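Asker: model06.txt (compact mmCIF, C-alpha atoms) pasted underneath:
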# COMPACT_ATOMS: atom_id res chain seq x y z
CA MET A 931 0.00 0.00 0.00
CA LEU A 932 1.45 3.35 -1.08
CA ASN A 933 1.03 5.22 2.18
CA SER A 934 1.70 2.41 4.58
CA ARG A 935 3.81 3.71 7.43
CA ALA A 936 7.10 1.87 7.21
CA TRP A 937 8.64 3.75 10.12
CA THR A 938 8.85 7.15 11.77
CA LEU A 939 11.43 9.16 13.68
CA PRO A 940 11.39 8.44 17.41
CA HIS A 941 9.46 11.00 19.49
CA SER A 942 8.17 12.82 16.42
CA ASP A 943 5.44 12.70 13.80
CA PHE A 944 7.63 12.04 10.78
CA PRO A 945 6.19 8.97 9.04
CA ILE A 946 7.96 7.71 5.93
CA SER A 947 6.25 5.11 3.77
CA ASP A 948 8.06 2.11 2.40
CA ASP A 949 8.15 3.91 -0.95
CA GLY A 950 10.05 6.79 0.62
CA LEU A 951 7.13 9.24 0.85
CA LEU A 952 6.93 11.60 3.81
CA SER A 953 3.79 13.02 5.49
CA PRO A 954 5.08 15.02 8.46
CA GLY A 955 3.02 16.24 11.40
CA ALA A 956 2.24 19.89 12.17
CA ALA A 957 5.36 20.78 14.19
CA GLU A 958 7.60 18.91 11.78
CA THR A 959 5.99 20.73 8.84
CA THR A 960 6.67 24.04 10.57
CA LEU A 961 10.30 23.02 11.02
CA ILE A 962 10.61 22.10 7.33
CA HIS A 963 9.25 25.50 6.30
CA ALA A 964 11.45 27.34 8.82
CA LEU A 965 14.54 25.59 7.49
CA GLU A 966 13.63 26.30 3.88
CA SER A 967 13.02 29.92 4.75
CA ARG A 968 16.49 30.25 6.31
CA PHE A 969 18.21 28.75 3.27
CA ARG A 970 16.24 31.11 1.06
CA GLU A 971 17.25 34.10 3.18
CA MET A 972 20.90 33.08 2.91
CA ALA A 973 20.67 32.68 -0.85
CA LEU A 974 19.04 36.09 -1.30
CA ALA A 975 21.50 37.75 1.10
CA ALA A 976 24.33 36.35 -1.02
CA GLY A 977 22.88 38.20 -4.02
CA SER A 978 21.05 35.36 -5.78
CA GLU A 979 18.22 35.94 -8.20
CA GLU A 980 15.31 33.70 -7.24
CA ARG A 981 13.51 31.56 -9.80
CA GLN A 982 10.68 29.06 -9.69
CA PHE A 983 10.48 26.07 -11.99
CA PRO A 984 8.05 23.24 -12.75
CA THR A 985 8.22 19.99 -10.82
CA VAL A 986 8.55 18.11 -14.08
CA ILE A 987 11.36 18.43 -16.58
CA ALA A 988 11.55 17.58 -20.27
CA GLU A 989 13.34 14.41 -21.26
CA GLU A 990 15.63 16.27 -23.65
CA ILE A 991 16.97 18.44 -20.82
CA LEU A 992 17.90 15.41 -18.72
CA ASP A 993 19.27 13.77 -21.84
CA LEU A 994 21.44 16.80 -22.59
CA SER A 995 22.67 16.64 -18.99
CA GLU A 996 23.56 12.95 -19.53
CA TYR A 997 21.36 12.13 -16.56
CA PHE A 998 20.13 8.86 -18.04
CA GLN A 999 23.68 7.73 -18.72
CA SER A 1000 24.71 8.42 -15.15
CA PHE A 1001 21.61 7.45 -13.16
CA PRO A 1002 19.18 5.53 -15.41
CA GLN A 1003 17.52 3.86 -12.44
CA PHE A 1004 16.59 7.05 -10.56
CA ALA A 1005 14.34 8.80 -13.10
CA SER A 1006 10.54 8.77 -12.65
CA ALA A 1007 8.56 9.33 -15.88
CA VAL A 1008 5.20 11.14 -16.03
CA ASN A 1009 2.65 11.63 -18.80
CA SER A 1010 2.08 15.09 -20.24
CA PRO A 1011 -1.52 16.23 -20.96
CA ASN A 1012 -1.07 16.56 -24.70
CA LYS A 1013 1.06 13.42 -25.01
CA ARG A 1014 3.69 15.37 -26.93
CA GLY A 1015 7.17 15.03 -25.56
CA ARG A 1016 8.22 13.02 -22.54
CA TYR A 1017 8.63 14.39 -19.04
CA PHE A 1018 10.18 13.22 -15.80
CA LEU A 1019 9.81 14.30 -12.20
CA SER A 1020 12.80 16.59 -11.61
CA PRO A 1021 15.69 14.82 -9.90
CA ALA A 1022 17.30 18.21 -9.06
CA VAL A 1023 16.30 21.83 -9.54
CA CYS A 1024 19.56 23.07 -11.05
CA TYR A 1025 18.85 21.36 -14.41
CA HIS A 1026 16.11 23.96 -14.91
CA CYS A 1027 18.67 26.74 -14.45
CA TYR A 1028 20.76 25.42 -17.30
CA GLN A 1029 17.65 25.15 -19.46
CA LEU A 1030 16.84 28.77 -18.57
CA LEU A 1031 20.29 29.94 -19.63
CA MET A 1032 20.64 27.68 -22.68
CA ASN A 1033 22.33 29.32 -25.69
CA SER A 1034 23.15 32.53 -23.87
CA ALA A 1035 26.14 34.61 -22.84
CA LEU A 1036 26.27 35.59 -19.17
CA ALA A 1037 26.23 39.32 -18.51
CA GLY A 1038 28.61 38.69 -15.60
CA ASP A 1039 28.97 36.55 -12.50
CA THR A 1040 25.60 34.91 -11.96
CA LEU A 1041 23.87 33.50 -8.89
CA LEU A 1042 20.48 31.82 -9.17
CA THR A 1043 18.49 30.21 -6.38
CA CYS A 1044 15.46 27.97 -6.60
CA GLN A 1045 13.69 25.36 -4.56
CA GLY A 1046 11.51 22.53 -5.68
CA ARG A 1047 10.25 19.05 -5.07
CA CYS A 1048 12.76 16.54 -6.37
CA PHE A 1049 12.37 12.84 -7.01
CA ARG A 1050 14.98 10.11 -7.04
CA ALA A 1051 13.80 6.53 -7.11
CA GLU A 1052 16.59 5.24 -4.90
CA SER A 1053 15.85 2.37 -2.59
CA ALA A 1054 14.30 3.72 0.59
CA ASN A 1055 16.36 3.46 3.76
CA ASP A 1056 16.87 5.67 6.79
CA SER A 1057 17.38 8.82 4.74
CA HIS A 1058 16.49 8.31 1.07
CA LEU A 1059 13.12 9.79 0.31
CA TRP A 1060 11.68 9.29 -3.17
CA GLU A 1061 10.28 12.83 -3.01
CA PHE A 1062 12.07 15.59 -1.13
CA THR A 1063 12.53 19.37 -1.07
CA MET A 1064 15.75 20.81 -2.40
CA ARG A 1065 16.98 24.40 -2.20
CA GLU A 1066 19.85 25.14 -4.54
CA VAL A 1067 22.11 28.05 -5.28
CA VAL A 1068 23.69 27.81 -8.73
CA PHE A 1069 26.77 29.87 -9.52
CA LEU A 1070 28.02 30.59 -13.03
CA GLY A 1071 30.95 32.68 -14.23
CA ASP A 1072 34.68 32.25 -14.58
CA CYS A 1073 36.57 29.51 -12.76
CA GLY A 1074 37.70 31.78 -9.91
CA PHE A 1075 34.19 33.08 -9.17
CA VAL A 1076 32.65 29.61 -9.13
CA ARG A 1077 35.35 28.18 -6.84
CA ALA A 1078 35.09 31.17 -4.50
CA GLN A 1079 31.30 30.80 -4.29
CA CYS A 1080 31.58 27.08 -3.59
CA ASP A 1081 34.08 27.71 -0.79
CA ALA A 1082 32.00 30.56 0.63
CA TRP A 1083 28.90 28.36 0.80
CA LYS A 1084 30.81 25.56 2.52
CA GLN A 1085 31.93 28.01 5.19
CA ARG A 1086 28.54 29.73 5.52
CA ILE A 1087 26.63 26.48 6.02
CA ALA A 1088 29.21 24.94 8.37
CA ARG A 1089 29.00 28.12 10.47
CA TRP A 1090 25.21 27.99 10.52
CA ALA A 1091 25.18 24.29 11.44
CA ALA A 1092 27.48 25.11 14.36
CA GLN A 1093 25.08 27.83 15.47
CA LEU A 1094 22.23 25.32 15.36
CA GLY A 1095 24.28 22.91 17.43
CA LEU A 1096 24.16 20.34 14.65
CA THR A 1097 27.10 17.95 14.55
CA VAL A 1098 28.31 17.84 10.95
CA ASN A 1099 31.31 16.78 8.88
CA LEU A 1100 32.47 18.27 5.58
CA THR A 1101 34.23 15.69 3.40
CA PRO A 1102 34.88 15.00 -0.30
CA ALA A 1103 32.03 12.85 -1.61
CA LYS A 1104 32.66 9.30 -2.70
CA ASP A 1105 29.32 8.49 -4.30
CA PRO A 1106 28.92 9.02 -8.07
CA PHE A 1107 28.16 12.54 -9.15
CA PHE A 1108 27.14 14.04 -12.48
CA LEU A 1109 30.05 12.39 -14.25
CA GLY A 1110 28.61 8.91 -13.76
CA GLU A 1111 29.59 5.64 -12.25
CA THR A 1112 32.52 4.30 -14.26
CA ARG A 1113 35.79 3.99 -12.33
CA GLY A 1114 37.51 6.69 -14.37
CA LYS A 1115 34.73 9.18 -13.81
CA LYS A 1116 34.49 8.45 -10.11
CA LEU A 1117 38.25 8.88 -9.75
CA LEU A 1118 38.13 12.20 -11.59
CA GLN A 1119 35.43 13.46 -9.25
CA GLN A 1120 37.44 12.28 -6.29
CA ILE A 1121 40.86 13.62 -7.25
CA LYS A 1122 39.53 16.96 -8.48
CA GLU A 1123 37.42 17.30 -5.33
CA LEU A 1124 34.42 18.29 -7.42
CA LYS A 1125 31.89 17.35 -4.78
CA TYR A 1126 31.94 17.93 -1.04
CA GLU A 1127 29.22 16.71 1.25
CA LEU A 1128 28.13 18.00 4.61
CA THR A 1129 26.98 15.00 6.60
CA ALA A 1130 25.17 14.66 9.91
CA PRO A 1131 24.64 11.58 12.07
CA GLY A 1132 21.70 9.66 10.65
CA LEU A 1133 19.00 7.73 12.38
CA LEU A 1134 20.69 4.37 12.10
CA GLY A 1135 24.07 5.53 13.32
CA THR A 1136 25.63 6.30 9.94
CA ASP A 1137 26.26 9.79 8.61
CA VAL A 1138 23.89 11.01 5.89
CA PRO A 1139 24.49 13.96 3.54
CA VAL A 1140 22.43 17.07 4.30
CA ALA A 1141 24.12 19.38 1.81
CA SER A 1142 26.46 19.14 -1.15
CA PHE A 1143 28.83 21.66 -2.68
CA ASN A 1144 29.55 20.90 -6.31
CA LEU A 1145 31.89 22.09 -9.02
CA HIS A 1146 30.58 21.21 -12.46
CA GLU A 1147 33.55 22.69 -14.31
CA ARG A 1148 32.29 23.22 -17.88
CA PHE A 1149 30.24 20.02 -18.02
CA PHE A 1150 26.78 21.61 -18.15
CA THR A 1151 27.71 24.94 -19.71
CA SER A 1152 29.37 23.30 -22.70
CA ARG A 1153 26.31 21.11 -23.29
CA PHE A 1154 23.81 23.95 -22.79
CA GLU A 1155 26.05 26.49 -24.54
CA VAL A 1156 26.23 28.98 -21.71
CA THR A 1157 29.21 31.23 -22.30
CA LEU A 1158 31.14 34.09 -20.77
CA THR A 1159 31.06 37.41 -22.60
CA GLY A 1160 34.14 36.38 -24.60
CA GLY A 1161 32.34 33.35 -26.00
CA GLU A 1162 34.17 30.61 -24.09
CA PRO A 1163 32.04 28.23 -21.97
CA ALA A 1164 31.37 29.48 -18.45
CA TYR A 1165 32.18 27.47 -15.34
CA SER A 1166 29.37 26.45 -13.01
CA GLY A 1167 28.73 24.91 -9.64
CA CYS A 1168 26.03 24.67 -7.03
CA ALA A 1169 25.26 24.30 -3.36
CA ALA A 1170 22.30 22.02 -2.66
CA PHE A 1171 20.38 21.50 0.56
CA GLY A 1172 18.06 18.58 1.28
CA ILE A 1173 15.51 20.20 3.55
CA GLU A 1174 13.91 17.05 4.99
CA ARG A 1175 17.34 15.62 5.81
CA TRP A 1176 18.22 18.75 7.77
CA CYS A 1177 14.91 18.33 9.52
CA MET A 1178 15.62 14.68 10.33
CA ALA A 1179 19.13 15.42 11.58
CA LEU A 1180 17.95 18.26 13.80
CA ILE A 1181 15.07 16.23 15.22
CA ALA A 1182 17.41 13.31 15.90
CA GLN A 1183 19.85 15.57 17.75
CA HIS A 1184 17.52 18.04 19.49
CA GLY A 1185 13.90 16.98 19.15
CA VAL A 1186 11.43 18.90 17.02
CA ASN A 1187 10.56 21.74 19.41
CA GLU A 1188 14.14 22.57 20.36
CA ALA A 1189 15.18 22.25 16.70
CA LEU A 1190 12.52 24.74 15.66
CA ARG A 1191 13.56 27.19 18.39
CA ARG A 1192 17.19 27.01 17.27
CA VAL A 1193 16.32 27.51 13.59
CA GLU A 1194 14.04 30.46 14.31
CA GLU A 1195 16.52 32.14 16.64
CA SER A 1196 19.58 31.61 14.45
CA ASP A 1197 20.87 34.89 13.10
CA ASP A 1198 24.28 34.10 11.61
CA LEU A 1199 23.22 33.87 7.98
CA ARG A 1200 26.09 35.77 6.38
CA MET B 1072 60.70 10.61 -9.84
CA GLU B 1073 62.73 11.40 -12.96
CA ILE B 1074 60.75 8.90 -15.02
CA LEU B 1075 57.47 10.38 -13.78
CA LEU B 1076 58.63 13.92 -14.51
CA LYS B 1077 59.68 12.87 -18.00
CA PHE B 1078 56.31 11.20 -18.63
CA VAL B 1079 54.37 14.29 -17.56
CA ASN B 1080 56.46 16.79 -19.52
CA GLU B 1081 57.17 14.77 -22.64
CA ASP B 1082 54.00 12.75 -22.93
CA LEU B 1083 51.09 14.35 -21.08
CA LEU B 1084 52.25 17.89 -21.82
CA ALA B 1085 53.75 17.10 -25.23
CA ASP B 1086 51.49 19.66 -26.91
CA SER B 1087 52.00 22.33 -24.27
CA GLN B 1088 54.64 25.05 -24.19
CA GLU B 1089 54.51 24.99 -20.42
CA LYS B 1090 56.41 22.30 -18.55
CA VAL B 1091 56.26 21.41 -14.88
CA ALA B 1092 58.91 21.07 -12.16
CA PRO B 1093 58.78 18.48 -9.36
CA ASP B 1094 57.06 20.98 -7.06
CA THR B 1095 54.65 22.54 -9.59
CA ALA B 1096 50.96 22.28 -8.63
CA LEU B 1097 49.73 19.98 -11.40
CA PHE B 1098 46.05 20.80 -11.25
CA ASP B 1099 46.14 24.58 -11.02
CA GLU B 1100 45.02 26.56 -14.05
CA GLY B 1101 43.87 23.48 -15.92
CA ARG B 1102 47.42 22.26 -16.56
CA ILE B 1103 46.37 18.63 -16.35
CA ASP B 1104 42.90 18.02 -17.75
CA SER B 1105 40.58 15.09 -17.03
CA LEU B 1106 41.92 12.80 -19.73
CA LYS B 1107 45.50 13.46 -18.64
CA ILE B 1108 44.64 12.65 -15.03
CA LEU B 1109 43.37 9.25 -16.10
CA ARG B 1110 46.46 8.66 -18.22
CA LEU B 1111 48.63 9.61 -15.25
CA ILE B 1112 46.82 7.12 -13.00
CA ALA B 1113 47.14 4.42 -15.67
CA PHE B 1114 50.88 5.19 -16.01
CA LEU B 1115 51.38 4.76 -12.25
CA GLU B 1116 49.43 1.50 -12.20
CA VAL B 1117 51.38 0.04 -15.12
CA ARG B 1118 54.71 1.10 -13.59
CA SER B 1119 53.86 -0.41 -10.21
CA GLY B 1120 52.23 -3.48 -11.73
CA LYS B 1121 49.15 -3.18 -9.56
CA LYS B 1122 45.92 -1.27 -9.35
CA ILE B 1123 45.97 1.72 -7.03
CA PRO B 1124 43.14 1.39 -4.50
CA ASP B 1125 40.48 3.96 -5.38
CA GLU B 1126 40.50 5.49 -1.90
CA LEU B 1127 44.14 6.53 -2.38
CA ILE B 1128 43.41 8.56 -5.50
CA VAL B 1129 42.86 11.90 -3.80
CA MET B 1130 44.22 15.39 -4.39
CA ASP B 1131 46.55 15.34 -1.38
CA ARG B 1132 48.48 12.45 -2.95
CA PHE B 1133 48.57 13.92 -6.46
CA ARG B 1134 49.24 17.61 -5.93
CA THR B 1135 52.76 17.64 -7.43
CA ILE B 1136 55.21 15.22 -9.04
CA GLU B 1137 57.04 15.12 -5.69
CA THR B 1138 53.95 14.12 -3.75
CA ILE B 1139 53.01 11.48 -6.33
CA ALA B 1140 56.53 9.98 -6.22
CA LYS B 1141 56.43 9.95 -2.44
CA ASN B 1142 52.99 8.38 -2.20
CA PHE B 1143 53.33 5.89 -5.05
CA PRO B 1144 56.92 4.63 -5.03
CA GLU B 1145 57.95 2.37 -7.88
CA ARG B 1146 58.30 -1.29 -7.03
Once you've parsed the file, please lay out its structure as structure tokens.
Answerer:
Amino acid sequence: MLNSRAWTLPHSDFPISDDGLLSPGAAETTLIHALESRFREMALAAGSEERQFPTVIAEEILDLSEYFQSFPQFASAVNSPNKRGRYFLSPAVCYHCYQLLMNSALAGDTLLTCQGRCFRAESANDSHLWEFTMREVVFLGDCGFVRAQCDAWKQRIARWAAQLGLTVNLTPAKDPFFLGETRGKKLLQQIKELKYELTAPGLLGTDVPVASFNLHERFFTSRFEVTLTGGEPAYSGCAAFGIERWCMALIAQHGVNEALRRVEESDDLR
Amino acid sequence: MEILLKFVNEDLLADSQEKVAPDTALFDEGRIDSLKILRLIAFLEVRSGKKIPDELIVMDRFRTIETIAKNFPER
């Protein structure tokens, strides 16, 4: 049964079905919204332009991003009303940003932020939801700007986590990233330190990622033809925050009421 | 280390005017691109006769020719 309650967080109303679908209680919903609001404030304070995108994304955009080559098992297809074209539930919101900027030259350093429901059909366990909320900040420009933004976001979020009293670790990611799952591609991601993850202790004793900080080099911009003013492909990167995972980590460490108090009273959002 | 330095300058960077010294940061300013990184790893594995465990292929062990030679000595 779709909404059967497989399990819930201890001492909270946070039921997750065996298909990885979440239906949180009132306090937990408030915490999710409070967290999302804080990430949004940080993104806007950093100078990001905010955008909103559909929950579904066209097959050709994921195809151009080589998503199906890298993660063929994660995509969830949906039918469109007019039956023209194929769509999928978005696995990440940043793909929409590249679609938005396709075939364009950046006027200068660019920061975009967006949040949306994302879907990845990974096997459900203590942290993988099929559907979850992601806030992203996407940075595009020259190599120096993108690296500086990525570093700044790592520091900003680590500082905020400390203020919340959330135990976290920032480490280079080992799981496959946009480059795919072959050994060569995984080693490139690893040695070039393209992806860092901020992890927090999970419910079953293992650390789970709550945020990632990613350098895409020219992977997406060359495919979507996003250039600098001189015509050469721009660099890009992003910082991504899984809102429900932050919620779970905070509830696990502080309980929902104390977590909400800490999020609402936090003021170090620089 | 001399063999490694020769491989990088004469093979990987054969088409480049710029050459590296033992203490040059290999990955700054796009000196060594993705394909060259993989060729460098393959070179080290062939020279040593064994596969390098994936967990050892990290930036701290590959920053310069000196650090590579120190971390992956020839057999």
Asker: Please indicate the distance in Å from atom CA of Ile987 of chain A to atom CA of Gly1172 of chain A, rounded to one decimal place.
Answerer: 19.1 Å
Asker: For segment 1072-1078 of chain B, list every protein, DNA or RNA residue within 12 Å, evaluated using only C-alpha atoms, and leave out those in the same chain fewer than 3 positions away; present the list as a ChimeraX atom specification.
Answerer: /B:1081-1085,1090-1095,1097,1107,1110-1115,1118-1119,1135-1145
Asker: With chain A as the partner and 12 Å as the cut-off, tabulate the residues of chain B that qualify, each row holding the nearest pair of atoms and their distance in Å to one decimal, using only C-alpha atoms, sorted by chain and rising number, as a tab-separated table.
Answerer:
residue	atom	partner	partner_atom	distance
B:Leu1097	CA	A:Lys1122	CA	11.0
B:Phe1098	CA	A:Lys1122	CA	8.1
B:Asp1099	CA	A:Lys1122	CA	10.4
B:Glu1100	CA	A:Cys1073	CA	9.0
B:Gly1101	CA	A:Cys1073	CA	10.0
B:Ile1103	CA	A:Lys1122	CA	10.6
B:Asp1104	CA	A:Leu1118	CA	9.7
B:Ser1105	CA	A:Leu1118	CA	6.6
B:Leu1106	CA	A:Leu1118	CA	9.0
B:Lys1107	CA	A:Leu1118	CA	10.3
B:Ile1108	CA	A:Leu1118	CA	7.4
B:Leu1109	CA	A:Gly1114	CA	6.6
B:Arg1110	CA	A:Gly1114	CA	9.9
B:Leu1111	CA	A:Leu1118	CA	11.4
B:Ile1112	CA	A:Leu1117	CA	9.3
B:Ala1113	CA	A:Gly1114	CA	10.0
B:Lys1122	CA	A:Arg1113	CA	11.8
B:Ile1123	CA	A:Leu1117	CA	10.9
B:Pro1124	CA	A:Leu1117	CA	10.4
B:Asp1125	CA	A:Leu1117	CA	6.9
B:Glu1126	CA	A:Gln1120	CA	8.6
B:Leu1127	CA	A:Ile1121	CA	9.2
B:Ile1128	CA	A:Ile1121	CA	5.9
B:Val1129	CA	A:Ile1121	CA	4.3
B:Met1130	CA	A:Ile1121	CA	4.8
B:Asp1131	CA	A:Ile1121	CA	8.4
B:Arg1132	CA	A:Ile1121	CA	8.8
B:Phe1133	CA	A:Ile1121	CA	7.8
B:Arg1134	CA	A:Ile1121	CA	9.4
Asker: List the neighbours of segment 1077-1085 of chain A out to 8 Å using all atoms listed in the file; skip same-chain residues closer than 3 positions along the sequence, and give me the result as a VMD selection string.
Answerer: chain A and resid 1069 1073 to 1074 1088 to 1089 1143 to 1145 1167 to 1169
Asker: Looking at A:Thr1101, A:Gln1183, A:Asp1039, A:Leu951, which one is nearest to Phe1075 of chain A, with distances taken over only C-alpha atoms?
Answerer: A:Asp1039
